[in-house]
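K.L.:
Just one file: data15.txt, with compact mmCIF, C-alpha atoms and all ligand atoms.
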```
# COMPACT_ATOMS: atom_id res chain seq x y z
CA MET D 246 84.34 80.20 74.46
CA TYR D 247 87.95 79.36 73.58
CA GLU D 248 87.45 78.17 69.97
CA LYS D 249 90.00 80.47 68.35
CA SER D 250 92.63 79.72 71.05
CA LYS D 251 92.08 75.99 70.52
CA GLU D 252 92.53 76.41 66.78
CA LEU D 253 95.70 78.49 67.27
CA PHE D 254 97.12 76.01 69.79
CA GLU D 255 96.68 73.11 67.36
CA ARG D 256 98.33 75.12 64.62
CA ALA D 257 101.15 76.29 66.93
CA GLN D 258 102.08 72.76 67.95
CA LYS D 259 103.06 71.97 64.36
CA SER D 260 105.78 74.62 64.21
CA ILE D 261 106.64 75.50 67.83
CA PRO D 262 107.67 72.86 70.42
CA GLY D 263 104.66 72.37 72.68
CA GLY D 264 102.94 75.22 70.83
CA VAL D 265 104.51 77.89 73.06
CA ASN D 266 107.74 79.86 73.32
CA SER D 267 108.01 79.46 77.10
CA PRO D 268 106.79 76.33 78.91
CA VAL D 269 104.68 77.65 81.82
CA ARG D 270 102.24 79.39 79.50
CA ALA D 271 101.33 76.05 77.88
CA PHE D 272 98.88 75.45 80.79
CA LYS D 273 100.28 71.92 81.04
CA SER D 274 100.14 71.78 84.83
CA VAL D 275 96.61 73.16 85.06
CA GLY D 276 95.37 71.39 81.93
CA GLY D 277 93.22 72.80 79.15
CA THR D 278 94.12 74.98 76.21
CA PRO D 279 96.49 77.90 76.68
CA LEU D 280 94.82 81.16 75.78
CA PHE D 281 96.30 83.07 72.89
CA MET D 282 96.23 86.77 73.67
CA GLN D 283 95.25 89.41 71.17
CA LYS D 284 95.68 92.65 73.08
CA ALA D 285 95.72 94.16 76.55
CA LYS D 286 94.95 97.57 77.99
CA GLY D 287 95.29 98.67 81.59
CA ALA D 288 94.33 95.79 83.88
CA TYR D 289 92.63 93.72 81.18
CA MET D 290 93.79 91.20 78.64
CA TYR D 291 91.72 90.03 75.66
CA ASP D 292 92.19 86.63 74.07
CA ALA D 293 91.84 85.66 70.42
CA ASP D 294 88.15 84.83 71.01
CA GLY D 295 87.55 88.33 72.38
CA ASN D 296 87.14 87.20 76.03
CA GLN D 297 88.21 89.78 78.60
CA TYR D 298 90.28 88.89 81.67
CA ILE D 299 91.40 90.76 84.76
CA ASP D 300 95.14 90.16 84.58
CA TYR D 301 97.15 89.04 87.61
CA ILE D 302 100.34 88.19 85.72
CA ALA D 303 101.27 91.63 84.38
CA SER D 304 103.62 89.94 81.90
CA TRP D 305 105.22 88.27 84.96
CA GLY D 306 105.91 91.60 86.58
CA PRO D 307 106.71 94.54 84.33
CA MET D 308 103.23 95.95 83.65
CA ILE D 309 103.26 97.76 87.00
CA LEU D 310 101.18 100.61 85.59
CA GLY D 311 99.00 98.35 83.45
CA HIS D 312 99.22 97.23 79.85
CA ALA D 313 99.80 99.59 76.93
CA HIS D 314 100.46 102.47 79.32
CA GLU D 315 100.14 105.49 77.07
CA PRO D 316 103.41 107.34 77.83
CA ILE D 317 105.35 104.11 77.23
CA VAL D 318 103.58 103.32 73.96
CA LYS D 319 104.12 106.88 72.73
CA ALA D 320 107.80 106.88 73.69
CA ILE D 321 108.35 103.59 71.82
CA GLN D 322 106.58 104.90 68.71
CA GLU D 323 108.64 108.09 68.64
CA LYS D 324 111.93 106.33 69.28
CA ALA D 325 111.34 103.73 66.57
CA LEU D 326 111.48 106.51 63.95
CA ASP D 327 115.18 106.96 64.79
CA SER D 328 115.98 103.25 64.13
CA THR D 329 115.27 100.16 66.19
CA SER D 330 118.91 99.18 66.79
CA PHE D 331 122.38 100.62 66.31
CA GLY D 332 124.85 98.14 67.81
CA ALA D 333 126.66 101.28 69.02
CA PRO D 334 126.37 103.32 72.20
CA THR D 335 123.73 106.01 72.69
CA GLN D 336 123.20 108.84 75.18
CA LEU D 337 119.97 107.19 76.28
CA GLU D 338 121.92 104.25 77.74
CA ILE D 339 123.83 106.63 80.01
CA GLU D 340 120.60 108.32 81.07
CA MET D 341 119.08 104.93 81.82
CA ALA D 342 122.12 103.83 83.88
CA GLU D 343 122.09 107.13 85.79
CA LEU D 344 118.37 106.82 86.45
CA ILE D 345 118.71 103.29 87.84
CA LEU D 346 121.69 104.30 90.00
CA SER D 347 119.65 107.20 91.39
CA MET D 348 116.78 104.88 92.38
CA VAL D 349 118.54 101.80 93.66
CA PRO D 350 120.68 101.68 96.78
CA ASN D 351 124.12 100.22 96.60
CA VAL D 352 124.60 99.98 92.82
CA ASP D 353 127.64 101.92 91.55
CA MET D 354 127.66 100.59 88.00
CA ILE D 355 125.20 98.72 85.81
CA ARG D 356 125.43 96.76 82.54
CA MET D 357 122.40 96.26 80.28
CA VAL D 358 121.55 92.88 78.78
CA SER D 359 118.42 91.54 77.07
CA SER D 360 116.79 89.28 79.65
CA GLY D 361 116.77 88.25 83.28
CA THR D 362 118.41 84.94 82.34
CA GLU D 363 121.29 86.81 80.76
CA ALA D 364 121.58 89.10 83.77
CA CYS D 365 121.84 86.22 86.28
CA MET D 366 124.14 84.19 84.04
CA SER D 367 126.47 87.18 83.67
CA ALA D 368 126.37 88.03 87.38
CA ILE D 369 127.46 84.50 88.25
CA ARG D 370 130.28 84.58 85.71
CA LEU D 371 131.39 87.91 87.14
CA ALA D 372 131.29 86.58 90.71
CA ARG D 373 133.38 83.59 89.63
CA GLY D 374 135.84 85.77 87.72
CA TYR D 375 136.12 88.19 90.62
CA THR D 376 136.63 85.58 93.35
CA GLY D 377 138.50 82.96 91.32
CA ARG D 378 136.11 80.34 92.77
CA ASN D 379 133.75 77.97 90.95
CA LYS D 380 130.84 76.99 93.12
CA ILE D 381 127.61 78.84 93.75
CA ILE D 382 124.79 78.36 96.24
CA LYS D 383 121.20 78.75 95.08
CA PHE D 384 117.92 77.88 96.77
CA GLU D 385 115.50 75.05 96.01
CA GLY D 386 112.55 76.33 94.04
CA HIS D 387 114.27 79.57 93.09
CA TYR D 388 114.45 80.33 89.40
CA HIS D 389 117.13 82.57 87.94
CA GLY D 390 116.42 81.97 84.27
CA HIS D 391 117.40 79.01 82.17
CA ALA D 392 121.22 79.23 82.12
CA ASP D 393 122.77 75.82 82.87
CA SER D 394 123.99 76.63 86.40
CA PHE D 395 120.49 77.54 87.57
CA LEU D 396 118.55 74.52 86.37
CA VAL D 397 119.34 72.53 89.48
CA LYS D 398 116.32 72.19 91.78
CA ALA D 399 114.76 75.19 90.06
CA GLY D 400 111.32 76.68 90.52
CA SER D 401 108.89 78.08 87.93
CA GLY D 402 108.48 75.79 84.89
CA VAL D 403 111.10 73.29 86.10
CA ALA D 404 109.03 72.75 89.27
CA THR D 405 105.72 73.02 87.43
CA PHE D 406 106.68 70.16 85.11
CA ASN D 407 108.47 68.29 87.90
CA ILE D 408 111.73 68.03 85.92
CA GLN D 409 114.28 66.49 88.28
CA THR D 410 117.35 66.64 86.05
CA VAL D 411 117.55 68.78 82.95
CA PRO D 412 119.16 66.83 80.09
CA GLY D 413 121.84 68.99 78.45
CA VAL D 414 123.17 70.39 81.72
CA THR D 415 126.53 68.71 82.20
CA ALA D 416 127.40 67.00 85.48
CA GLY D 417 130.33 69.40 85.84
CA VAL D 418 128.08 72.44 85.78
CA ALA D 419 125.48 70.81 88.04
CA ASN D 420 128.19 69.86 90.56
CA ASP D 421 129.21 73.48 90.86
CA THR D 422 125.68 74.43 91.92
CA LEU D 423 124.99 73.71 95.58
CA THR D 424 121.45 74.03 96.88
CA ALA D 425 119.78 74.69 100.20
CA ALA D 426 116.20 75.16 101.32
CA TYR D 427 115.05 78.80 101.23
CA ASN D 428 114.94 80.31 104.71
CA ASP D 429 117.26 77.63 106.10
CA LEU D 430 120.28 79.67 107.17
CA ASP D 431 121.89 76.76 109.00
CA ALA D 432 121.88 74.65 105.81
CA VAL D 433 123.66 77.46 103.96
CA LYS D 434 126.24 77.84 106.72
CA LYS D 435 126.85 74.09 106.58
CA LEU D 436 127.43 74.21 102.81
CA ALA D 437 129.76 77.17 103.21
CA ALA D 438 131.77 75.29 105.83
CA GLU D 439 131.93 72.10 103.74
CA HIS D 440 133.10 74.03 100.68
CA LYS D 441 135.16 76.69 102.43
CA GLY D 442 137.05 78.89 99.99
CA ASP D 443 135.25 77.41 96.96
CA ILE D 444 132.04 79.40 96.90
CA ALA D 445 131.95 82.37 94.55
CA ALA D 446 128.38 83.50 95.11
CA ILE D 447 125.10 83.03 96.88
CA ILE D 448 122.20 83.97 94.61
CA VAL D 449 118.72 84.40 96.03
CA GLU D 450 115.30 85.70 95.04
CA PRO D 451 114.91 88.09 98.00
CA VAL D 452 111.16 87.44 97.98
CA ALA D 453 110.65 84.15 96.15
CA GLY D 454 108.22 84.34 93.25
CA ASN D 455 108.83 81.11 91.37
CA MET D 456 107.14 78.70 93.80
CA GLY D 457 104.25 80.98 94.49
CA CYS D 458 105.09 84.01 96.57
CA ILE D 459 107.23 83.09 99.59
CA LEU D 460 108.58 85.62 102.06
CA PRO D 461 111.99 85.61 103.69
CA GLN D 462 111.85 84.74 107.39
CA PRO D 463 113.19 87.39 109.80
CA GLY D 464 116.97 87.29 109.94
CA PHE D 465 117.45 85.09 106.87
CA HIS D 466 118.90 87.69 104.51
CA GLU D 467 120.80 89.35 107.36
CA GLY D 468 122.40 85.96 108.07
CA LEU D 469 123.29 85.43 104.42
CA ARG D 470 124.80 88.91 104.25
CA GLN D 471 126.97 88.21 107.29
CA LEU D 472 128.05 84.83 105.96
CA CYS D 473 129.05 86.37 102.62
CA ASP D 474 131.07 89.05 104.43
CA ASP D 475 132.80 86.47 106.62
CA GLU D 476 133.64 84.11 103.74
CA GLY D 477 134.38 86.55 100.90
CA ILE D 478 131.33 85.32 98.96
CA VAL D 479 129.55 87.61 96.47
CA PHE D 480 125.95 88.10 97.62
CA ILE D 481 123.59 88.37 94.63
CA PHE D 482 119.98 89.53 94.86
CA ASP D 483 117.99 88.34 91.85
CA GLU D 484 115.54 91.23 91.60
CA VAL D 485 114.08 90.22 88.24
CA MET D 486 110.66 90.10 89.92
CA THR D 487 111.11 92.36 92.93
CA GLY D 488 113.17 95.17 91.36
CA PHE D 489 111.17 98.42 91.02
CA ARG D 490 108.10 96.43 92.14
CA LEU D 491 108.42 96.10 95.91
CA ALA D 492 109.79 99.65 96.10
CA ALA D 493 111.57 102.06 93.78
CA GLY D 494 114.78 100.60 95.22
CA GLY D 495 113.46 97.03 94.99
CA ALA D 496 113.88 94.38 97.67
CA GLN D 497 117.16 95.94 98.79
CA GLU D 498 115.22 99.01 99.88
CA ARG D 499 112.11 97.17 101.07
CA LEU D 500 114.04 94.64 103.18
CA GLY D 501 116.93 96.92 104.15
CA ILE D 502 119.61 94.55 102.86
CA LYS D 503 122.61 95.49 100.75
CA ALA D 504 123.62 92.95 98.12
CA ASP D 505 126.98 92.99 96.30
CA LEU D 506 125.42 92.41 92.89
CA VAL D 507 121.81 92.80 91.80
CA THR D 508 120.10 91.46 88.70
CA TYR D 509 117.08 92.93 86.95
CA GLY D 510 114.82 91.76 84.15
CA LYS D 511 111.72 92.66 82.21
CA VAL D 512 110.58 95.39 84.62
CA ILE D 513 113.36 97.74 83.55
CA GLY D 514 112.23 97.43 79.94
CA GLY D 515 108.62 98.29 80.72
CA GLY D 516 107.77 94.92 79.17
CA MET D 517 110.38 95.03 76.39
CA PRO D 518 113.10 92.34 76.43
CA VAL D 519 115.64 93.79 78.86
CA GLY D 520 117.75 92.76 81.80
CA ALA D 521 120.67 94.27 83.70
CA PHE D 522 123.17 93.44 86.39
CA GLY D 523 124.90 95.92 88.60
CA GLY D 524 126.58 96.45 91.91
CA LYS D 525 129.76 97.50 93.60
CA LYS D 526 132.31 99.22 91.37
CA GLU D 527 135.05 97.04 92.83
CA ILE D 528 133.31 93.99 91.31
CA MET D 529 131.73 95.54 88.21
CA GLN D 530 135.07 96.85 86.93
CA HIS D 531 136.10 93.27 86.19
CA ILE D 532 133.63 93.21 83.28
CA ALA D 533 135.08 93.61 79.75
CA PRO D 534 136.27 95.93 78.34
CA LEU D 535 137.41 97.28 81.73
CA GLY D 536 138.40 93.81 82.92
CA ASN D 537 138.59 90.34 81.40
CA VAL D 538 135.25 88.83 82.45
CA TYR D 539 133.67 88.78 79.02
CA GLN D 540 130.04 89.66 78.46
CA ALA D 541 128.48 91.23 75.36
CA GLY D 542 125.36 91.65 73.20
CA THR D 543 124.28 93.54 70.09
CA LEU D 544 120.84 94.16 71.57
CA SER D 545 122.17 95.28 74.96
CA GLY D 546 120.99 98.85 75.56
CA ASN D 547 118.62 98.61 72.58
CA PRO D 548 117.04 102.06 72.08
CA ILE D 549 113.43 100.88 72.00
CA ALA D 550 113.85 98.79 75.14
CA MET D 551 115.73 101.64 76.84
CA ILE D 552 113.10 104.28 76.12
CA ALA D 553 110.28 101.98 77.30
CA GLY D 554 112.11 101.23 80.53
CA TYR D 555 113.26 104.80 81.03
CA THR D 556 109.69 106.05 80.69
CA LEU D 557 108.34 103.51 83.18
CA LEU D 558 111.10 103.99 85.75
CA THR D 559 110.85 107.79 85.53
CA GLU D 560 107.15 107.58 86.33
CA LEU D 561 107.83 105.24 89.25
CA LYS D 562 110.56 107.53 90.56
CA ASN D 563 108.44 110.66 90.29
CA ASN D 564 105.32 109.09 91.85
CA PRO D 565 106.37 107.06 94.87
CA SER D 566 102.70 106.98 95.93
CA ILE D 567 102.25 104.27 93.27
CA TYR D 568 103.86 101.77 95.65
CA LYS D 569 101.53 102.72 98.46
CA GLU D 570 98.50 102.45 96.18
CA LEU D 571 99.63 99.09 94.83
CA GLU D 572 100.24 97.69 98.28
CA GLU D 573 96.90 98.96 99.57
CA LYS D 574 95.16 97.26 96.66
CA THR D 575 97.02 94.03 97.28
CA ILE D 576 96.18 94.07 100.97
CA TYR D 577 92.53 94.74 100.08
CA LEU D 578 92.61 91.73 97.77
CA ARG D 579 94.37 89.60 100.39
CA ASP D 580 91.83 90.50 103.06
CA GLY D 581 88.88 89.85 100.72
CA LEU D 582 90.31 86.49 99.66
CA ASN D 583 90.97 85.61 103.29
CA GLU D 584 87.36 86.25 104.14
CA VAL D 585 85.89 84.03 101.43
CA LEU D 586 88.51 81.31 101.89
CA LYS D 587 87.92 81.24 105.64
CA ALA D 588 84.18 80.87 105.10
CA TRP D 589 84.88 78.01 102.65
CA GLY D 590 86.50 76.13 105.49
CA GLN D 591 89.32 74.20 103.78
CA PRO D 592 93.01 74.83 104.54
CA TYR D 593 94.81 77.54 102.60
CA ILE D 594 97.74 79.90 102.97
CA ILE D 595 98.05 83.38 101.48
CA ASN D 596 101.54 84.87 101.26
CA GLN D 597 101.84 88.53 100.32
CA LEU D 598 104.37 91.31 100.28
CA GLY D 599 103.89 94.59 98.41
CA SER D 600 102.14 93.78 95.14
CA MET D 601 103.19 90.10 95.11
CA ILE D 602 100.71 87.56 96.45
CA SER D 603 99.71 83.91 96.01
CA ILE D 604 97.45 81.23 97.42
CA HIS D 605 98.62 77.74 98.34
CA PHE D 606 96.00 75.19 99.31
CA SER D 607 97.90 73.97 102.34
CA ASP D 608 97.35 73.39 106.04
CA HIS D 609 100.88 74.48 106.98
CA ALA D 610 102.96 77.61 106.51
CA VAL D 611 104.59 77.82 103.06
CA VAL D 612 108.17 78.93 103.64
CA ASP D 613 110.23 76.93 101.15
CA PHE D 614 110.00 74.59 98.18
CA ALA D 615 109.09 71.50 100.21
CA THR D 616 106.15 73.22 101.87
CA ALA D 617 105.04 74.75 98.54
CA ALA D 618 105.28 71.40 96.76
CA SER D 619 103.27 69.59 99.43
CA ALA D 620 100.30 71.94 98.97
CA ASN D 621 97.24 70.58 97.17
CA ASN D 622 98.00 71.52 93.60
CA GLU D 623 95.00 69.58 92.28
CA LEU D 624 92.82 72.12 94.06
CA PHE D 625 94.85 74.97 92.58
CA LYS D 626 94.19 73.56 89.10
CA LYS D 627 90.45 73.59 89.66
CA TYR D 628 90.60 77.04 91.22
CA PHE D 629 92.60 78.35 88.26
CA HIS D 630 90.02 77.14 85.72
CA ALA D 631 87.05 78.24 87.78
CA MET D 632 88.57 81.74 87.92
CA LEU D 633 89.45 81.76 84.22
CA LYS D 634 85.86 80.93 83.36
CA ARG D 635 84.85 83.97 85.41
CA GLY D 636 87.25 86.29 83.59
CA VAL D 637 90.20 86.28 86.01
CA TYR D 638 93.60 85.34 84.58
CA LEU D 639 95.88 83.91 87.29
CA PRO D 640 99.34 82.41 86.72
CA PRO D 641 98.74 78.92 85.28
CA SER D 642 100.75 77.22 88.02
CA ALA D 643 100.82 77.23 91.82
CA PHE D 644 104.60 77.65 91.47
CA GLU D 645 104.28 81.29 90.38
CA SER D 646 103.52 84.55 92.16
CA TRP D 647 100.63 86.81 91.13
CA PHE D 648 101.59 90.39 90.25
CA LEU D 649 99.19 93.28 90.68
CA ASN D 650 99.25 96.33 88.46
CA ASN D 651 98.13 99.80 89.41
CA ALA D 652 95.50 100.00 86.67
CA LEU D 653 93.43 97.53 88.71
CA THR D 654 90.44 99.23 90.30
CA TYR D 655 88.76 98.30 93.56
CA ALA D 656 85.84 97.12 91.42
CA ASP D 657 88.24 94.68 89.69
CA LEU D 658 89.44 93.45 93.08
CA ASP D 659 85.85 93.02 94.27
CA LYS D 660 85.08 91.02 91.12
CA THR D 661 88.12 88.83 91.81
CA ILE D 662 87.03 88.21 95.40
CA ALA D 663 83.48 87.43 94.26
CA ALA D 664 84.82 85.12 91.54
CA THR D 665 86.88 83.31 94.19
CA LYS D 666 83.80 82.91 96.42
CA GLU D 667 81.90 81.33 93.52
CA SER D 668 84.87 79.27 92.34
CA LEU D 669 85.43 77.73 95.76
CA GLN D 670 81.98 76.18 95.60
CA GLU D 671 83.17 74.20 92.56
CA LEU D 672 86.22 72.79 94.36
CA VAL D 673 85.93 69.50 96.17
N1 LIG D 701 109.37 81.78 83.89
C1 LIG D 701 108.33 82.74 83.88
C2 LIG D 701 107.64 82.86 85.17
N2 LIG D 701 108.41 82.74 86.32
C3 LIG D 701 107.28 82.46 82.82
C4 LIG D 701 107.72 83.04 81.54
C5 LIG D 701 106.64 83.06 80.48
O1 LIG D 701 106.04 82.04 80.20
O2 LIG D 701 106.44 84.11 79.92
```
Output the file's structure in the form of structure tokens.
P.N.:
Amino acid sequence: MYEKSKELFERAQKSIPGGVNSPVRAFKSVGGTPLFMQKAKGAYMYDADGNQYIDYIASWGPMILGHAHEPIVKAIQEKALDSTSFGAPTQLEIEMAELILSMVPNVDMIRMVSSGTEACMSAIRLARGYTGRNKIIKFEGHYHGHADSFLVKAGSGVATFNIQTVPGVTAGVANDTLTAAYNDLDAVKKLAAEHKGDIAAIIVEPVAGNMGCILPQPGFHEGLRQLCDDEGIVFIFDEVMTGFRLAAGGAQERLGIKADLVTYGKVIGGGMPVGAFGGKKEIMQHIAPLGNVYQAGTLSGNPIAMIAGYTLLTELKNNPSIYKELEEKTIYLRDGLNEVLKAWGQPYIINQLGSMISIHFSDHAVVDFATAASANNELFKKYFHAMLKRGVYLPPSAFESWFLNNALTYADLDKTIAATKESLQELV
């Protein structure tokens, strides 16, 4: 069934570390051979052996309208005829910035980069440059890309592979990153009091997606916002996953919270390599060449990435019903999964908001990294493979959120629920 993928994986390991260009996709935590994908269309992906899968990763978020969405593909093809990169400004970059500003609350200015990692790394540098302070607070199990400052108690692959300390991150950098449990406002207040006047920024995934999907508890973000106001700390929402997914205005709109800086990733490139950070003019004007906080990139504002993102965001802006449809589908899936899991009789937790959802095999609420990590991940492994065998491609780790795309039909969701019912019988 996976012969070609097995062959490719063996070959890949000779020239690429671990055979993959990003660790989570190596399937190491769930075991087995990673599947090498050949193509994808709408809600389906096809591997090198020609197997079809219902996709619940959506390229980790951006394929909100499904894979190879025709207007995006067409726009990329047309744009490529005018060159794939200039290293000079274009009108399209202004149009893209104006479009984002028109959709997102509370962002006066935005700077394009090439990935979510770059966006978060730059936002932190800007917060430090702006405040003249060094330390940041992040949350256990949150993942803001692989820049040094963020690899302390990180989620996603760092949690998946249980890496406690990342070699190569200097003690100096690690010491400037303070961590607290997600949803524990008192712990954050304590850190802020202990390091009064030293904290440049608090960075948070507004809805956590790198330890499964975990929702903010009522009052948590409001408390962080107040603390940042009281202490002159820059409040950063990492919306790499939630931006343009939970609502056109992202988590800021969905949760009704105003951040000082916001970071975006792959979603704003419609799947192309893009990121961005933006926020209040008062802070953003410290970025070079307006200010001295340096940040740059030849591929920033790349025309192909810009046209792909512009096309996706325009469609999302013009059809707000997409968010309603996506949420209804996700709730339908959640309810169907609940039914079969309940009948199965073993403990489980489903967390869901908008089109983000995940299952933890746990008998207690999953509200932070500790509760996510204490879930039964051996069961998740078995569930993952049982679903894969039945043509459903879930994230290959319990420390990741699932992302729905609007090309999914109710028949696809029914198949997924039925596949879960069957799969559960294989779990012991
Ligand atoms: N870190 C990504 C998920 N949170 C996975 C990236 C990938 O393997 O593509």
K.L.:
Could you tell me which of D:Pro350, D:Pro640, D:Gly554, D:Gly516 comes closest to Leu500 in chain D if we count only C-alpha atoms?
P.N.:
D:Pro350
K.L.:
What's the separation between CA of Lys434 in chain D and CA of Gln471 in chain D, in Å to one decimal place?
P.N.:
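Answer for the CA of Lys434 in chain D to CA of Gln471 in chain D separation: 10.4 Å.
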K.L.:
Could you list, as a PDB file with C-alpha atoms, in the frame of the given file, all protein and nucleic acid residues with an atom at most 6 Å from ligand LIG 701 (chain D), counting all atoms listed in the file?
P.N.:
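The resulting file, out32.pdb, is shown below:
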```
ATOM      1  CA  SER D 267     108.010  79.460  77.100  1.00  0.00           C
ATOM      2  CA  PRO D 268     106.790  76.330  78.910  1.00  0.00           C
ATOM      3  CA  VAL D 269     104.680  77.650  81.820  1.00  0.00           C
ATOM      4  CA  ARG D 270     102.240  79.390  79.500  1.00  0.00           C
ATOM      5  CA  TRP D 305     105.220  88.270  84.960  1.00  0.00           C
ATOM      6  CA  SER D 401     108.890  78.080  87.930  1.00  0.00           C
ATOM      7  CA  ASN D 455     108.830  81.110  91.370  1.00  0.00           C
ATOM      8  CA  GLU D 645     104.280  81.290  90.380  1.00  0.00           C
TER       9      GLU D 645
END
```
K.L.:
In Å, rounded to a single decimal, give me how far CA of Asp608 in chain D is from CA of Tyr593 in chain D.
P.N.:
6.0 Å
K.L.:
Set the distance at 7 Å and use all atoms listed in the file: which residues neighbour Ser274 in chain D once local chain neighbours fewer than 2 positions away are removed? I'd like the list as a PyMOL selection string.
P.N.:
chain D and resi 272+276+405-406+642
K.L.:
Report as a ChimeraX atom specification all protein, DNA and RNA residues lying within 10 Å of Asn296 in chain D, evaluated on all atoms listed in the file, omitting residues in the same chain fewer than 5 positions from it.
P.N.:
/D:246-247,280,282-283,289-291,634,636
K.L.:
Pick out the residues sitting within 9 Å of range 555-566 of chain D, and hand them over as a ChimeraX atom specification; count all atoms listed in the file, and ignore anything fewer than 6 positions along from it in its own chain.
P.N.:
/D:309-310,314,316-317,320,337,340-341,344-345,348,489,492-493,512-515
K.L.:
To one decimal in Å, tell me the separation between CA of Thr543 in chain D and CA of Thr329 in chain D.
P.N.:
11.8 Å
K.L.:
Hey, which of D:Gly477, D:Pro641, D:Gly464, D:Pro592 ends up closest to Ile447 in chain D? Count only C-alpha atoms.
P.N.:
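Once distances to Ile447 in chain D are computed over only C-alpha atoms, the minimum belongs to D:Gly477.
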K.L.:
Which one of D:His391, D:Arg470, D:Lys249, D:Arg499 sits closest to Asp294 in chain D if you count all atoms listed in the file?
P.N.:
D:Lys249
K.L.:
Measuring between all atoms listed in the file, which one of D:Met366, D:Leu430, D:Ala342, D:Leu371 shows the shortest distance to Tyr539 in chain D?
P.N.:
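Smallest distance to Tyr539 in chain D is found for D:Leu371.
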K.L.:
Considering only C-alpha atoms, state which residue in the set D:Lys626, D:Thr424, D:Gln297, D:Arg490 is at the smallest distance from Gly277 in chain D.
P.N.:
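The closest residue to Gly277 in chain D is D:Lys626.
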